[in-house]
Each structure stands twice: as C-alpha cells, then as structure tokens.
Amino acid sequence: MALKINSKEKNTVLILDYGSQVAKLLADCSRSCGVYSEVAPFNIAIEEIIARRPSGIIISGGPDSVYAKNAPTLNKKIFNLGIPILGVCYGHQLIAHLLGGRVSSGEKGEYGRRQLNILKEKNTPFSGLDKKIDVWMSHRDQVI
C-alpha cells in the first residue's frame with residue numbers, strides 16, 4: 001500500500017539535485033509556471049521529503065552512470081509516496097534502473113540541440129504543448 005502525501009496545503013515541487021548543471025534552471029522554470037519549487041541534495045532523507053509534503057518530485061540529471069562504482073542512488077521508498085516523479089537525464093536512467101529497466105551506454109555521447117516529437121499528448125504532461133519542441137541534451141547512457 002502506497003503512503004499518500006497530502007499536498008493540498010502546499011503546491012511544491014521538490015527537485016533532487018544529482019549534480020546537474022540545470023537543477024536550478026528546472027526550479028526557475030517551475031516557478032515561472034506558477035509552481036513553487038525547492039532544490040535539495042539527492043541524498044536527502046526520505047523522512048525529510050515526507051515532511052516537506054511535495055506535490056511532485058523532479059530527479060535531476062548528473063554526470064554519473066547508474067552502473068558506475070559509488071554512483072549516487074535513491075531510496076526506493078520514494079516510489080511509494082503516491083506523488084508524481086519526473087526523471088531528467090540521469091534521474092530518468094536511475095528510475096528505470098531501480099525499477100528493473102535496462103540502462104546501457106550509447107556508442108557515443110550526444111550533445112546539443114534536438115527536436116522532441118510528441119506522439120501522444122492527451123492526458124499527459126505534454127497536453128497543450130506544440131507537437132515538436134526544440135530541446136537540449138547532453139548524455140551518453142540511454143534507457144532501453
């Protein structure tokens with residue numbers, strides 16, 4: 001049974017920083033959309049996350065690979081809090097890895113501007129966005 005966090009009192013997005021160059025930019029973008037956000041270190045205690053009562057969590061990117069020795073990880077109890085979680089770059093790979101997915105190293109790193117093509121937008125976080133969006137990426141690993 002999932003622990004449900006009552007986030008009606010405070011509409012806050014908690015950003016867990018794994019060393020991303022854009023963790024603070026994620027917070028700024030969230031705030032520009034009218035959603036209060038806080039940046040916290042990736043190793044924040046699960047009890048502290050519960051005490052902050054976030055309405056959502058963003059797990060940032062970072063320079064590590066999920067398979068690297070001493071790679072930063074995440075308390076898997078976070079997935080039982082009953083709140084939405086978005087993983088960006090390393091955060092996305094970490095979520096997949098911890099939940100049984102496969103992450104592998106690409107043939108070469110990819111860096112720069114790319115076009116994101118949204119294939120399904122109804123009832124998703126992409127609702128109301130253009131079907132094609134320019135995005136920036138910097139990564140080597142990929143979720144398979």
# chains A, B, ... in the order shown; residues from 1 in each chain; ligands from 1
$ residues_around --residues "Ser55 (chain A)" --least-positions-apart "4" --cutoff "7 Å" --atoms "only C-alpha atoms" --output "PDB file with C-alpha atoms, in the first residue's frame"
ATOM      1  CA  SER A   7      -0.051  18.086  -0.624  1.00  0.00           C
ATOM      2  CA  ASN A  11       1.885  23.185  -4.040  1.00  0.00           C
ATOM      3  CA  THR A  12       5.619  22.436  -4.090  1.00  0.00           C
ATOM      4  CA  VAL A  13       7.862  20.586  -6.492  1.00  0.00           C
ATOM      5  CA  ILE A  83       3.150  11.557  -5.857  1.00  0.00           C
TER       6      ILE A  83
END
$ residues_around --residues "Asp17 (chain A)" --least-positions-apart "2" --cutoff "8 Å" --atoms "only C-alpha atoms" --output "JSON list (two decimals) with N, CA and C atoms, in the first residue's frame"
[["chain", "number", "residue", "atom", "x", "y", "z"],
["A", 15, "ILE", "N", 13.02, 19.31, -6.18],
["A", 15, "ILE", "CA", 13.99, 18.91, -7.19],
["A", 15, "ILE", "C", 15.20, 18.31, -6.48],
["A", 19, "GLY", "N", 23.75, 16.73, -9.30],
["A", 19, "GLY", "CA", 24.92, 17.37, -9.89],
["A", 19, "GLY", "C", 24.68, 17.93, -11.27],
["A", 20, "SER", "N", 23.43, 18.09, -11.62],
["A", 20, "SER", "CA", 23.08, 18.64, -12.93],
["A", 20, "SER", "C", 23.47, 20.10, -13.03],
["A", 23, "ALA", "N", 19.86, 22.02, -12.54],
["A", 23, "ALA", "CA", 18.91, 21.81, -11.44],
["A", 23, "ALA", "C", 18.22, 23.11, -11.05],
["A", 39, "VAL", "N", 15.15, 23.14, -4.40],
["A", 39, "VAL", "CA", 16.21, 22.23, -4.79],
["A", 39, "VAL", "C", 16.80, 21.64, -3.52],
["A", 40, "ALA", "N", 16.96, 20.32, -3.51],
["A", 40, "ALA", "CA", 17.51, 19.61, -2.35],
["A", 40, "ALA", "C", 18.59, 18.65, -2.84],
["A", 41, "PRO", "N", 19.55, 18.31, -1.98],
["A", 41, "PRO", "CA", 20.56, 17.34, -2.40],
["A", 41, "PRO", "C", 19.94, 15.96, -2.63],
["A", 42, "PHE", "N", 20.54, 15.18, -3.52],
["A", 42, "PHE", "CA", 19.99, 13.88, -3.88],
["A", 42, "PHE", "C", 19.88, 12.94, -2.69],
["A", 59, "ILE", "N", 13.74, 14.47, -10.41],
["A", 59, "ILE", "CA", 15.06, 13.93, -10.14],
["A", 59, "ILE", "C", 15.96, 14.42, -11.27],
["A", 60, "SER", "N", 16.93, 15.26, -10.93],
["A", 60, "SER", "CA", 17.73, 15.92, -11.95],
["A", 60, "SER", "C", 18.73, 14.98, -12.61],
["A", 61, "GLY", "N", 19.38, 15.52, -13.61],
["A", 61, "GLY", "CA", 20.47, 14.81, -14.25],
["A", 61, "GLY", "C", 21.74, 14.94, -13.44],
["A", 62, "GLY", "N", 22.79, 14.40, -13.96],
["A", 62, "GLY", "CA", 24.09, 14.47, -13.32],
["A", 62, "GLY", "C", 25.14, 13.80, -14.18]]
$ select_by_dssp --residues "region 62-140 of chain A" --states "alpha helix (DSSP H)" --output "MDAnalysis selection string"
chainID A and resid 90:98
$ residues_around --residues "region 85-90 of chain A" --least-positions-apart "6" --cutoff "12 Å" --atoms "only C-alpha atoms" --output "ChimeraX atom specification"
/A:13-23,26,42,54-68,71-74,78-79,96-98,103-104,110,125,136-143
$ write_last_selection --atoms "C-alpha atoms" --output "mmCIF file, in the first residue's frame"
data_model
loop_
_atom_site.group_PDB
_atom_site.id
_atom_site.type_symbol
_atom_site.label_atom_id
_atom_site.label_comp_id
_atom_site.auth_asym_id
_atom_site.auth_seq_id
_atom_site.Cartn_x
_atom_site.Cartn_y
_atom_site.Cartn_z
ATOM 1 C CA VAL A 13 7.862 20.586 -6.492
ATOM 2 C CA LEU A 14 10.982 19.169 -4.881
ATOM 3 C CA ILE A 15 13.992 18.909 -7.190
ATOM 4 C CA LEU A 16 16.591 16.348 -6.145
ATOM 5 C CA ASP A 17 19.969 17.547 -7.413
ATOM 6 C CA TYR A 18 22.343 14.861 -8.693
ATOM 7 C CA GLY A 19 24.916 17.367 -9.890
ATOM 8 C CA SER A 20 23.081 18.636 -12.926
ATOM 9 C CA GLN A 21 24.128 21.903 -14.472
ATOM 10 C CA VAL A 22 20.447 22.750 -14.818
ATOM 11 C CA ALA A 23 18.907 21.808 -11.442
ATOM 12 C CA LEU A 26 14.473 23.384 -13.502
ATOM 13 C CA PHE A 42 19.988 13.880 -3.882
ATOM 14 C CA PRO A 54 5.826 17.983 -2.079
ATOM 15 C CA SER A 55 3.128 17.649 -4.704
ATOM 16 C CA GLY A 56 5.740 16.373 -7.174
ATOM 17 C CA ILE A 57 9.410 15.450 -7.425
ATOM 18 C CA ILE A 58 11.904 16.039 -10.211
ATOM 19 C CA ILE A 59 15.061 13.930 -10.135
ATOM 20 C CA SER A 60 17.735 15.925 -11.949
ATOM 21 C CA GLY A 61 20.466 14.807 -14.250
ATOM 22 C CA GLY A 62 24.090 14.471 -13.319
ATOM 23 C CA PRO A 63 27.472 13.376 -14.619
ATOM 24 C CA ASP A 64 27.349 9.771 -13.387
ATOM 25 C CA SER A 65 26.303 6.452 -14.911
ATOM 26 C CA VAL A 66 23.937 4.281 -12.867
ATOM 27 C CA TYR A 67 26.467 1.442 -13.231
ATOM 28 C CA ALA A 68 29.486 3.430 -12.051
ATOM 29 C CA ALA A 71 27.088 6.072 -8.331
ATOM 30 C CA PRO A 72 24.562 8.154 -6.382
ATOM 31 C CA THR A 73 21.273 6.363 -5.899
ATOM 32 C CA LEU A 74 17.838 6.930 -4.456
ATOM 33 C CA ILE A 78 10.188 7.385 -2.809
ATOM 34 C CA PHE A 79 8.155 5.412 -5.374
ATOM 35 C CA ALA A 96 14.476 2.916 -14.889
ATOM 36 C CA HIS A 97 17.433 1.124 -13.296
ATOM 37 C CA LEU A 98 15.870 0.958 -9.822
ATOM 38 C CA VAL A 103 20.273 1.330 -18.993
ATOM 39 C CA SER A 104 23.153 0.982 -21.421
ATOM 40 C CA GLU A 110 25.171 13.013 -27.814
ATOM 41 C CA PRO A 125 2.241 16.209 -19.093
ATOM 42 C CA TRP A 136 18.931 20.437 -25.404
ATOM 43 C CA MET A 137 20.635 17.217 -24.443
ATOM 44 C CA SER A 138 23.922 16.033 -23.073
ATOM 45 C CA HIS A 139 24.211 12.335 -22.349
ATOM 46 C CA ARG A 140 25.963 9.070 -23.063
ATOM 47 C CA ASP A 141 23.758 6.460 -21.378
ATOM 48 C CA GLN A 142 20.296 5.533 -22.569
ATOM 49 C CA VAL A 143 17.252 3.696 -21.243
#
$ residues_around --residues "region 118-120 of chain A" --least-positions-apart "5" --cutoff "12 Å" --atoms "only C-alpha atoms" --output "ChimeraX atom specification"
/A:125-135
$ select_by_dssp --residues "region 23-128 of chain A" --states "strand (DSSP E or B)" --output "list in words"
Tyr36, Ser37, Glu38, Val39, Ala40, Pro41, Gly56, Ile57, Ile58, Ile59, Ile85, Leu86, Gly87, Val103, Ser104, Ser105, Gly106, Glu107, Lys108, Gly109, Glu110, Tyr111, Gly112, Arg113, Arg114, Gln115, Leu116 and Asn117 of chain A
$ closest_residue --among "A:Cys33, A:Ala27, A:Ala45, A:Leu116" --to "Lys76 (chain A)" --atoms "only C-alpha atoms"
A:Ala45
$ decode --residues "region 18-112 of chain A" --atoms "C-alpha atoms" --output "JSON list (two decimals), in the first residue's frame"
[["chain", "number", "residue", "atom", "x", "y", "z"],
["A", 18, "TYR", "CA", 22.34, 14.86, -8.69],
["A", 19, "GLY", "CA", 24.92, 17.37, -9.89],
["A", 20, "SER", "CA", 23.08, 18.64, -12.93],
["A", 21, "GLN", "CA", 24.13, 21.90, -14.47],
["A", 22, "VAL", "CA", 20.45, 22.75, -14.82],
["A", 23, "ALA", "CA", 18.91, 21.81, -11.44],
["A", 24, "LYS", "CA", 18.41, 25.46, -10.59],
["A", 25, "LEU", "CA", 17.07, 26.12, -14.09],
["A", 26, "LEU", "CA", 14.47, 23.38, -13.50],
["A", 27, "ALA", "CA", 13.43, 25.26, -10.35],
["A", 28, "ASP", "CA", 13.26, 28.57, -12.21],
["A", 29, "CYS", "CA", 11.13, 27.03, -14.99],
["A", 30, "SER", "CA", 8.81, 25.51, -12.41],
["A", 31, "ARG", "CA", 8.44, 28.85, -10.65],
["A", 32, "SER", "CA", 7.81, 30.66, -13.94],
["A", 33, "CYS", "CA", 4.82, 28.31, -14.40],
["A", 34, "GLY", "CA", 3.48, 29.41, -11.01],
["A", 35, "VAL", "CA", 4.62, 26.33, -9.10],
["A", 36, "TYR", "CA", 6.86, 26.82, -6.08],
["A", 37, "SER", "CA", 9.94, 24.62, -6.13],
["A", 38, "GLU", "CA", 12.85, 23.79, -3.89],
["A", 39, "VAL", "CA", 16.21, 22.23, -4.79],
["A", 40, "ALA", "CA", 17.51, 19.61, -2.35],
["A", 41, "PRO", "CA", 20.56, 17.34, -2.40],
["A", 42, "PHE", "CA", 19.99, 13.88, -3.88],
["A", 43, "ASN", "CA", 20.73, 12.20, -0.56],
["A", 44, "ILE", "CA", 18.00, 13.98, 1.39],
["A", 45, "ALA", "CA", 16.41, 11.61, 3.90],
["A", 46, "ILE", "CA", 13.06, 10.10, 2.90],
["A", 47, "GLU", "CA", 11.65, 11.42, 6.19],
["A", 48, "GLU", "CA", 12.61, 14.96, 5.15],
["A", 49, "ILE", "CA", 10.89, 14.52, 1.78],
["A", 50, "ILE", "CA", 7.73, 13.38, 3.58],
["A", 51, "ALA", "CA", 7.98, 16.34, 5.99],
["A", 52, "ARG", "CA", 8.21, 18.81, 3.09],
["A", 53, "ARG", "CA", 4.99, 17.39, 1.59],
["A", 54, "PRO", "CA", 5.83, 17.98, -2.08],
["A", 55, "SER", "CA", 3.13, 17.65, -4.70],
["A", 56, "GLY", "CA", 5.74, 16.37, -7.17],
["A", 57, "ILE", "CA", 9.41, 15.45, -7.42],
["A", 58, "ILE", "CA", 11.90, 16.04, -10.21],
["A", 59, "ILE", "CA", 15.06, 13.93, -10.14],
["A", 60, "SER", "CA", 17.73, 15.92, -11.95],
["A", 61, "GLY", "CA", 20.47, 14.81, -14.25],
["A", 62, "GLY", "CA", 24.09, 14.47, -13.32],
["A", 63, "PRO", "CA", 27.47, 13.38, -14.62],
["A", 64, "ASP", "CA", 27.35, 9.77, -13.39],
["A", 65, "SER", "CA", 26.30, 6.45, -14.91],
["A", 66, "VAL", "CA", 23.94, 4.28, -12.87],
["A", 67, "TYR", "CA", 26.47, 1.44, -13.23],
["A", 68, "ALA", "CA", 29.49, 3.43, -12.05],
["A", 69, "LYS", "CA", 31.14, 2.39, -8.81],
["A", 70, "ASN", "CA", 29.68, 4.53, -5.99],
["A", 71, "ALA", "CA", 27.09, 6.07, -8.33],
["A", 72, "PRO", "CA", 24.56, 8.15, -6.38],
["A", 73, "THR", "CA", 21.27, 6.36, -5.90],
["A", 74, "LEU", "CA", 17.84, 6.93, -4.46],
["A", 75, "ASN", "CA", 15.78, 5.46, -1.63],
["A", 76, "LYS", "CA", 13.27, 3.25, -3.46],
["A", 77, "LYS", "CA", 10.63, 4.15, -0.85],
["A", 78, "ILE", "CA", 10.19, 7.39, -2.81],
["A", 79, "PHE", "CA", 8.16, 5.41, -5.37],
["A", 80, "ASN", "CA", 5.58, 4.56, -2.68],
["A", 81, "LEU", "CA", 4.81, 8.15, -1.69],
["A", 82, "GLY", "CA", 1.89, 8.42, -4.10],
["A", 83, "ILE", "CA", 3.15, 11.56, -5.86],
["A", 84, "PRO", "CA", 4.32, 12.14, -9.43],
["A", 85, "ILE", "CA", 8.04, 11.79, -10.14],
["A", 86, "LEU", "CA", 9.81, 13.06, -13.25],
["A", 87, "GLY", "CA", 13.34, 11.93, -14.04],
["A", 88, "VAL", "CA", 15.57, 14.12, -16.22],
["A", 89, "CYS", "CA", 18.65, 12.52, -17.84],
["A", 90, "TYR", "CA", 20.44, 10.67, -15.00],
["A", 91, "GLY", "CA", 17.21, 10.89, -12.98],
["A", 92, "HIS", "CA", 15.33, 9.13, -15.78],
["A", 93, "GLN", "CA", 18.03, 6.47, -16.05],
["A", 94, "LEU", "CA", 18.10, 5.99, -12.27],
["A", 95, "ILE", "CA", 14.34, 5.48, -12.09],
["A", 96, "ALA", "CA", 14.48, 2.92, -14.89],
["A", 97, "HIS", "CA", 17.43, 1.12, -13.30],
["A", 98, "LEU", "CA", 15.87, 0.96, -9.82],
["A", 99, "LEU", "CA", 12.54, -0.29, -11.17],
["A", 100, "GLY", "CA", 14.10, -3.10, -13.21],
["A", 101, "GLY", "CA", 14.67, -1.38, -16.53],
["A", 102, "ARG", "CA", 17.86, -1.55, -18.54],
["A", 103, "VAL", "CA", 20.27, 1.33, -18.99],
["A", 104, "SER", "CA", 23.15, 0.98, -21.42],
["A", 105, "SER", "CA", 25.99, 3.09, -22.70],
["A", 106, "GLY", "CA", 25.44, 4.52, -26.15],
["A", 107, "GLU", "CA", 28.03, 4.15, -28.89],
["A", 108, "LYS", "CA", 28.96, 7.79, -28.48],
["A", 109, "GLY", "CA", 27.82, 10.73, -26.41],
["A", 110, "GLU", "CA", 25.17, 13.01, -27.81],
["A", 111, "TYR", "CA", 25.29, 16.71, -27.14],
["A", 112, "GLY", "CA", 23.36, 19.68, -28.42]]
